[in-house]
Amino acid sequence: MLLQVLGTAAGGGLPQWNCACPGCAGARAHPGRRRRHASLALRAGPGRWYVVNATPDIGEQIEGCPDLLPPPGSAAGARSSPLAGVVLTDAELDHTLGVARLREARDGFDVLATAPVTTAVRDRLGLGAVLDPYTKVRWRALTGVAQELDDGSAVTVSAVPVSAKRPRYAAGTGPDAPTWSVALRLHDTASGRTVLYAPALAAWTDAFEAAAREADVLFVDGTFWDDEEPRRSGFSTRTATGMGHLPVTGPGGTADRLARLPGRCLYTHLNNTNPLGDPRAEQHGHLAERGLEVAADRMVIEL
């Protein structure tokens with residue numbers, strides 16, 4: 001299984017366009033700190049790739065991943081791409097707006113999502129009707145049962161429910177199902193290796209614990225360093241857990257739990273207020289002492 005990290009930032013990216021907090025100011029002054037919206041690229045087979053979440057940065061993210069670029073020497077006008085589809089972990093705008101940017105796909109593409117997410121993105125957000133005149137989008141059901149990511153692929157994908165939180169635009173759409181937000185279990189049947197990708201984690205459930213213990217590599221929600229960060233930063237009256245994100249540290253934090261797991265653990269989906277956005281921050285040392293990492297844009301992992 002081959003993965004490339006396309007982005008590691010939470011909504012708004014780093015820097016966020018309308019923010020001058022220390023994290024955003026630092027990223028403007030030091031471009032190496034910039035982070036694009038959280039996403040992964042995953043090789044399903046020779047010349048066949050999927051992205052996990054289609055962010056507003058998807059065009060730039062594709063350009064930064066050579067394996068996602070059109071084959072060299074393609075004839076003028078003969079548009080082609082190794083990108084076969086998108087897997088969605090939720091229906092949030094920062095994870096779905098990039099679907100519309102794929103309208104030029106000559107042969108169409110797949111979108112794998114849970115039932116409530118499909119309804120929200122295809123019907124409530126309207127991307128089904130919007131894209132129909134341009135390309136063929138094949139909407140595929142993402143469930144807790146492992147399925148081939150692509151026809152004949154050794155990589156299977158399944159969903160681990162983590163939250164009933166829905167995006168604001170989808171208020172009143174469908175039931176309060178726990179599959180509004182899921183972690184993805186990506187398993188390579190050839191190597192036996194497994195990746196668990198959870199950019200949003202509202203609760204550490206028994207099902208998530210079981211999946212985490214089986215994973216060789218885990219990407220976990222690192223939106224906020226501690227529970228009070230959103231309120232202390234002044235952009236919200238809610239805590240991190242109140243916003244649907246377990247914090248990294250403090251009571252209920254994920255660092256202690258991750259440190260006990262056998263797999264390699266990396267944090268992703270960092271908010272612009274999170275001190276981990278600064279590579280010099282002392283918090284990196286605290287994580288390293290526990291054997292934990294922060295994922296970096298463009299890093300490549302092969303299992």
# chains A, B, ... in the order shown; residues from 1 in each chain; ligands from 1
$ select_by_dssp --residues "stretch 76-235 of chain A" --states "strand (DSSP E)" --output "compact mmCIF listing (two decimals) with C-alpha atoms, in the first residue's frame"
# COMPACT_ATOMS: atom_id res chain seq x y z
CA LEU A 83 -7.26 9.72 -10.26
CA ALA A 84 -10.06 7.15 -10.17
CA GLY A 85 -12.13 8.45 -7.30
CA VAL A 86 -12.70 10.02 -3.90
CA VAL A 87 -13.46 8.51 -0.51
CA PHE A 109 -14.92 9.16 -11.20
CA ASP A 110 -16.20 7.29 -8.15
CA VAL A 111 -17.28 8.83 -4.85
CA LEU A 112 -17.44 6.45 -1.88
CA ALA A 113 -19.42 7.77 1.09
CA VAL A 137 -20.03 10.60 -10.97
CA ARG A 138 -20.55 7.07 -9.70
CA TRP A 139 -21.82 7.24 -6.11
CA ARG A 140 -20.79 4.11 -4.18
CA ALA A 141 -21.94 3.08 -0.70
CA GLN A 147 -14.94 -3.72 -0.15
CA GLU A 148 -12.36 -3.45 -2.91
CA VAL A 155 -6.73 -2.58 -1.03
CA THR A 156 -10.07 -2.75 0.75
CA VAL A 157 -11.90 0.08 2.50
CA SER A 158 -14.47 0.09 5.29
CA ALA A 159 -15.95 2.67 7.64
CA VAL A 160 -15.70 2.89 11.42
CA PRO A 161 -18.43 5.27 12.73
CA VAL A 162 -17.04 8.00 14.99
CA SER A 163 -19.62 10.80 15.14
CA SER A 181 -18.42 11.07 10.28
CA VAL A 182 -16.29 7.95 10.00
CA ALA A 183 -12.73 6.74 10.24
CA LEU A 184 -11.49 4.77 7.23
CA ARG A 185 -9.94 1.34 7.62
CA LEU A 186 -7.69 0.73 4.60
CA HIS A 187 -6.40 -2.84 4.39
CA ASP A 188 -3.92 -4.31 1.93
CA THR A 194 -3.73 -1.72 7.65
CA VAL A 195 -4.05 2.06 7.86
CA LEU A 196 -6.68 3.83 9.96
CA TYR A 197 -7.48 7.41 8.94
CA ALA A 198 -9.55 9.52 11.37
CA VAL A 217 -0.38 3.20 10.82
CA LEU A 218 -2.93 5.60 12.33
CA PHE A 219 -3.72 9.15 11.26
CA VAL A 220 -5.70 10.74 14.07
CA ASP A 221 -7.55 14.01 14.68
$ residues_around --residues "A:Val51" --least-positions-apart "3" --cutoff "12 Å" --atoms "only C-alpha atoms" --output "count of residues only"
41
$ residues_around --residues "A:His284" --least-positions-apart "3" --cutoff "12 Å" --atoms "only C-alpha atoms" --output "tab-separated table (two decimals) with N, CA and C atoms, in the first residue's frame"
chain	number	residue	atom	x	y	z
A	225	TRP	N	-4.89	21.22	20.46
A	225	TRP	CA	-3.93	20.70	21.42
A	225	TRP	C	-4.61	20.37	22.74
A	248	VAL	N	-5.71	16.75	21.82
A	248	VAL	CA	-4.51	15.91	21.89
A	248	VAL	C	-4.18	15.59	23.35
A	255	ALA	N	-3.54	11.57	23.22
A	255	ALA	CA	-2.12	11.21	23.23
A	255	ALA	C	-1.85	10.01	24.12
A	266	LEU	N	0.25	9.19	13.87
A	266	LEU	CA	0.54	10.54	13.39
A	266	LEU	C	-0.71	11.41	13.53
A	267	TYR	N	-0.52	12.64	13.97
A	267	TYR	CA	-1.62	13.58	14.06
A	267	TYR	C	-1.78	14.35	12.74
A	274	ASN	N	-3.50	25.66	16.66
A	274	ASN	CA	-2.77	24.59	17.33
A	274	ASN	C	-1.27	24.89	17.31
A	275	PRO	N	-0.60	24.90	18.46
A	275	PRO	CA	0.84	25.18	18.45
A	275	PRO	C	1.66	24.19	17.65
A	276	LEU	N	1.11	23.01	17.35
A	276	LEU	CA	1.84	22.02	16.56
A	276	LEU	C	2.10	22.51	15.13
A	277	GLY	N	1.40	23.56	14.71
A	277	GLY	CA	1.66	24.13	13.39
A	277	GLY	C	3.03	24.77	13.29
A	278	ASP	N	3.65	25.07	14.43
A	278	ASP	CA	5.00	25.63	14.47
A	278	ASP	C	5.98	24.49	14.74
A	279	PRO	N	6.86	24.17	13.81
A	279	PRO	CA	7.77	23.03	14.01
A	279	PRO	C	8.73	23.23	15.18
A	280	ARG	N	8.87	24.47	15.67
A	280	ARG	CA	9.78	24.73	16.79
A	280	ARG	C	9.07	24.64	18.14
A	281	ALA	N	7.76	24.46	18.14
A	281	ALA	CA	6.99	24.45	19.38
A	281	ALA	C	7.40	23.28	20.27
A	287	LEU	N	5.19	15.12	22.35
A	287	LEU	CA	4.67	13.98	21.59
A	287	LEU	C	5.76	12.97	21.29
A	288	ALA	N	6.93	13.46	20.93
A	288	ALA	CA	8.03	12.56	20.59
A	288	ALA	C	8.40	11.67	21.77
A	289	GLU	N	8.30	12.20	22.98
A	289	GLU	CA	8.61	11.40	24.17
A	289	GLU	C	7.66	10.22	24.30
A	290	ARG	N	6.46	10.33	23.71
A	290	ARG	CA	5.48	9.24	23.76
A	290	ARG	C	5.49	8.40	22.47
A	291	GLY	N	6.41	8.71	21.58
A	291	GLY	CA	6.49	7.96	20.33
A	291	GLY	C	5.47	8.38	19.31
A	292	LEU	N	4.95	9.61	19.42
A	292	LEU	CA	3.91	10.11	18.52
A	292	LEU	C	4.49	11.16	17.58
A	293	GLU	N	3.85	11.30	16.41
A	293	GLU	CA	4.34	12.22	15.39
A	293	GLU	C	3.23	13.15	14.91
A	294	VAL	N	3.65	14.18	14.18
A	294	VAL	CA	2.72	15.04	13.46
A	294	VAL	C	2.97	14.81	11.98
A	295	ALA	N	1.93	14.46	11.25
A	295	ALA	CA	2.07	14.22	9.81
A	295	ALA	C	2.46	15.51	9.10
$ closest_residue --among "A:Glu104, A:Glu214, A:Glu60, A:Asp94" --to "A:Thr135" --atoms "only C-alpha atoms"
A:Glu104
$ residues_around --residues "A:Arg166" --least-positions-apart "2" --cutoff "9 Å" --atoms "only C-alpha atoms" --output "mmCIF file with N, CA, C and O atoms, in the first residue's frame"
data_model
loop_
_atom_site.group_PDB
_atom_site.id
_atom_site.type_symbol
_atom_site.label_atom_id
_atom_site.label_comp_id
_atom_site.auth_asym_id
_atom_site.auth_seq_id
_atom_site.Cartn_x
_atom_site.Cartn_y
_atom_site.Cartn_z
ATOM 1 N N ASP A 90 -16.632 12.386 5.719
ATOM 2 C CA ASP A 90 -17.783 13.132 6.232
ATOM 3 C C ASP A 90 -18.273 14.062 5.132
ATOM 4 O O ASP A 90 -17.778 14.012 4.000
ATOM 5 N N ALA A 91 -19.238 14.923 5.464
ATOM 6 C CA ALA A 91 -19.821 15.816 4.466
ATOM 7 C C ALA A 91 -19.406 17.267 4.654
ATOM 8 O O ALA A 91 -19.985 18.159 4.039
ATOM 9 N N GLU A 92 -18.408 17.532 5.499
ATOM 10 C CA GLU A 92 -17.984 18.907 5.743
ATOM 11 C C GLU A 92 -17.495 19.563 4.448
ATOM 12 O O GLU A 92 -16.910 18.913 3.586
ATOM 13 N N PRO A 116 -25.742 8.901 4.806
ATOM 14 C CA PRO A 116 -26.080 10.296 5.093
ATOM 15 C C PRO A 116 -25.156 11.292 4.414
ATOM 16 O O PRO A 116 -25.591 12.369 3.990
ATOM 17 N N VAL A 117 -23.887 10.931 4.269
ATOM 18 C CA VAL A 117 -22.941 11.830 3.598
ATOM 19 C C VAL A 117 -23.275 11.936 2.116
ATOM 20 O O VAL A 117 -23.253 13.035 1.531
ATOM 21 N N SER A 163 -18.871 9.632 14.692
ATOM 22 C CA SER A 163 -19.617 10.797 15.144
ATOM 23 C C SER A 163 -20.911 10.964 14.367
ATOM 24 O O SER A 163 -20.977 10.667 13.170
ATOM 25 N N ALA A 164 -21.943 11.480 15.064
ATOM 26 C CA ALA A 164 -23.208 11.829 14.419
ATOM 27 C C ALA A 164 -23.239 13.312 14.035
ATOM 28 O O ALA A 164 -24.270 13.820 13.606
ATOM 29 N N ARG A 168 -23.322 22.175 9.029
ATOM 30 C CA ARG A 168 -24.445 23.101 9.246
ATOM 31 C C ARG A 168 -25.424 23.103 8.077
ATOM 32 O O ARG A 168 -26.633 23.200 8.272
ATOM 33 N N TYR A 169 -24.907 23.000 6.850
ATOM 34 C CA TYR A 169 -25.801 23.078 5.695
ATOM 35 C C TYR A 169 -26.734 21.870 5.601
ATOM 36 O O TYR A 169 -27.727 21.893 4.882
ATOM 37 N N ALA A 170 -26.390 20.803 6.336
ATOM 38 C CA ALA A 170 -27.185 19.572 6.275
ATOM 39 C C ALA A 170 -28.117 19.424 7.469
ATOM 40 O O ALA A 170 -28.638 18.335 7.710
ATOM 41 N N ALA A 171 -28.350 20.496 8.208
ATOM 42 C CA ALA A 171 -29.259 20.433 9.345
ATOM 43 C C ALA A 171 -30.636 19.964 8.880
ATOM 44 O O ALA A 171 -31.173 20.465 7.881
ATOM 45 N N THR A 173 -31.311 17.088 7.614
ATOM 46 C CA THR A 173 -31.214 16.100 6.527
ATOM 47 C C THR A 173 -30.970 14.714 7.093
ATOM 48 O O THR A 173 -29.910 14.437 7.646
ATOM 49 N N ASP A 176 -30.079 11.163 12.774
ATOM 50 C CA ASP A 176 -28.834 11.437 13.490
ATOM 51 C C ASP A 176 -28.005 10.163 13.561
ATOM 52 O O ASP A 176 -27.802 9.580 14.625
ATOM 53 N N TRP A 180 -22.366 9.879 10.099
ATOM 54 C CA TRP A 180 -22.137 11.194 9.503
ATOM 55 C C TRP A 180 -20.642 11.477 9.401
ATOM 56 O O TRP A 180 -20.192 12.193 8.505
ATOM 57 N N SER A 181 -19.875 10.932 10.322
ATOM 58 C CA SER A 181 -18.420 11.072 10.280
ATOM 59 C C SER A 181 -17.808 9.726 10.629
ATOM 60 O O SER A 181 -18.190 9.101 11.626
#
$ atom_distance --atom1 "atom CA of A:Arg34" --atom2 "atom CA of A:Gly13"
7.9 Å
$ atom_distance --atom1 "atom CA of A:Gln16" --atom2 "atom CA of A:Leu270"
11.8 Å
$ closest_residue --among "A:Arg257, A:Arg213, A:Arg124, A:Arg79" --to "A:Gly172" --atoms "only C-alpha atoms"
A:Arg124
$ residues_around --residues "A:Arg231" --least-positions-apart "3" --cutoff "12 Å" --atoms "only C-alpha atoms" --output "list in words"
Phe224, Asp226, Asp227, Glu228, Gly234, Phe235, Ser236, Thr237, Arg238, Thr239, Ala240, Thr241, Gly242, Met243 and Thr273 of chain A
$ write_last_selection --atoms "N, CA and C atoms" --output "compact mmCIF listing (two decimals), in the first residue's frame"
# COMPACT_ATOMS: atom_id res chain seq x y z
N PHE A 224 -7.07 20.22 17.81
CA PHE A 224 -6.76 21.12 18.93
C PHE A 224 -5.82 20.44 19.92
N ASP A 226 -5.49 21.25 23.23
CA ASP A 226 -6.21 20.99 24.47
C ASP A 226 -7.66 21.43 24.33
N ASP A 227 -8.48 21.07 25.29
CA ASP A 227 -9.93 21.27 25.17
C ASP A 227 -10.33 22.74 25.16
N GLU A 228 -9.58 23.60 25.83
CA GLU A 228 -9.94 25.01 25.94
C GLU A 228 -9.41 25.86 24.79
N GLY A 234 -10.48 32.57 21.15
CA GLY A 234 -11.48 33.60 20.93
C GLY A 234 -12.35 33.44 19.71
N PHE A 235 -12.24 32.31 18.99
CA PHE A 235 -13.06 32.17 17.79
C PHE A 235 -14.31 31.32 18.04
N SER A 236 -14.46 30.78 19.24
CA SER A 236 -15.62 29.96 19.55
C SER A 236 -15.92 30.02 21.05
N THR A 237 -17.17 29.80 21.39
CA THR A 237 -17.55 29.70 22.79
C THR A 237 -17.58 28.24 23.24
N ARG A 238 -17.29 27.34 22.33
CA ARG A 238 -17.32 25.91 22.64
C ARG A 238 -15.91 25.38 22.88
N THR A 239 -15.83 24.27 23.59
CA THR A 239 -14.55 23.59 23.76
C THR A 239 -14.26 22.74 22.53
N ALA A 240 -13.07 22.13 22.52
CA ALA A 240 -12.73 21.23 21.41
C ALA A 240 -13.72 20.07 21.33
N THR A 241 -14.00 19.43 22.47
CA THR A 241 -14.94 18.31 22.45
C THR A 241 -16.34 18.79 22.07
N GLY A 242 -16.68 20.01 22.46
CA GLY A 242 -17.98 20.56 22.08
C GLY A 242 -18.09 20.80 20.59
N MET A 243 -16.95 20.95 19.92
CA MET A 243 -16.92 21.14 18.47
C MET A 243 -16.76 19.81 17.74
N THR A 273 -4.84 27.44 15.11
CA THR A 273 -4.50 27.86 16.46
C THR A 273 -3.67 26.84 17.22
$ select_by_dssp --residues "stretch 28-166 of chain A" --states "helix (DSSP H, G or I)" --output "count of residues only"
39
$ atom_distance --atom1 "atom CA of A:Ala120" --atom2 "atom CA of A:Pro56"
17.4 Å
$ closest_residue --among "A:Ser191, A:Asn271, A:Thr119, A:Thr143" --to "A:Leu14" --atoms "only C-alpha atoms"
A:Asn271
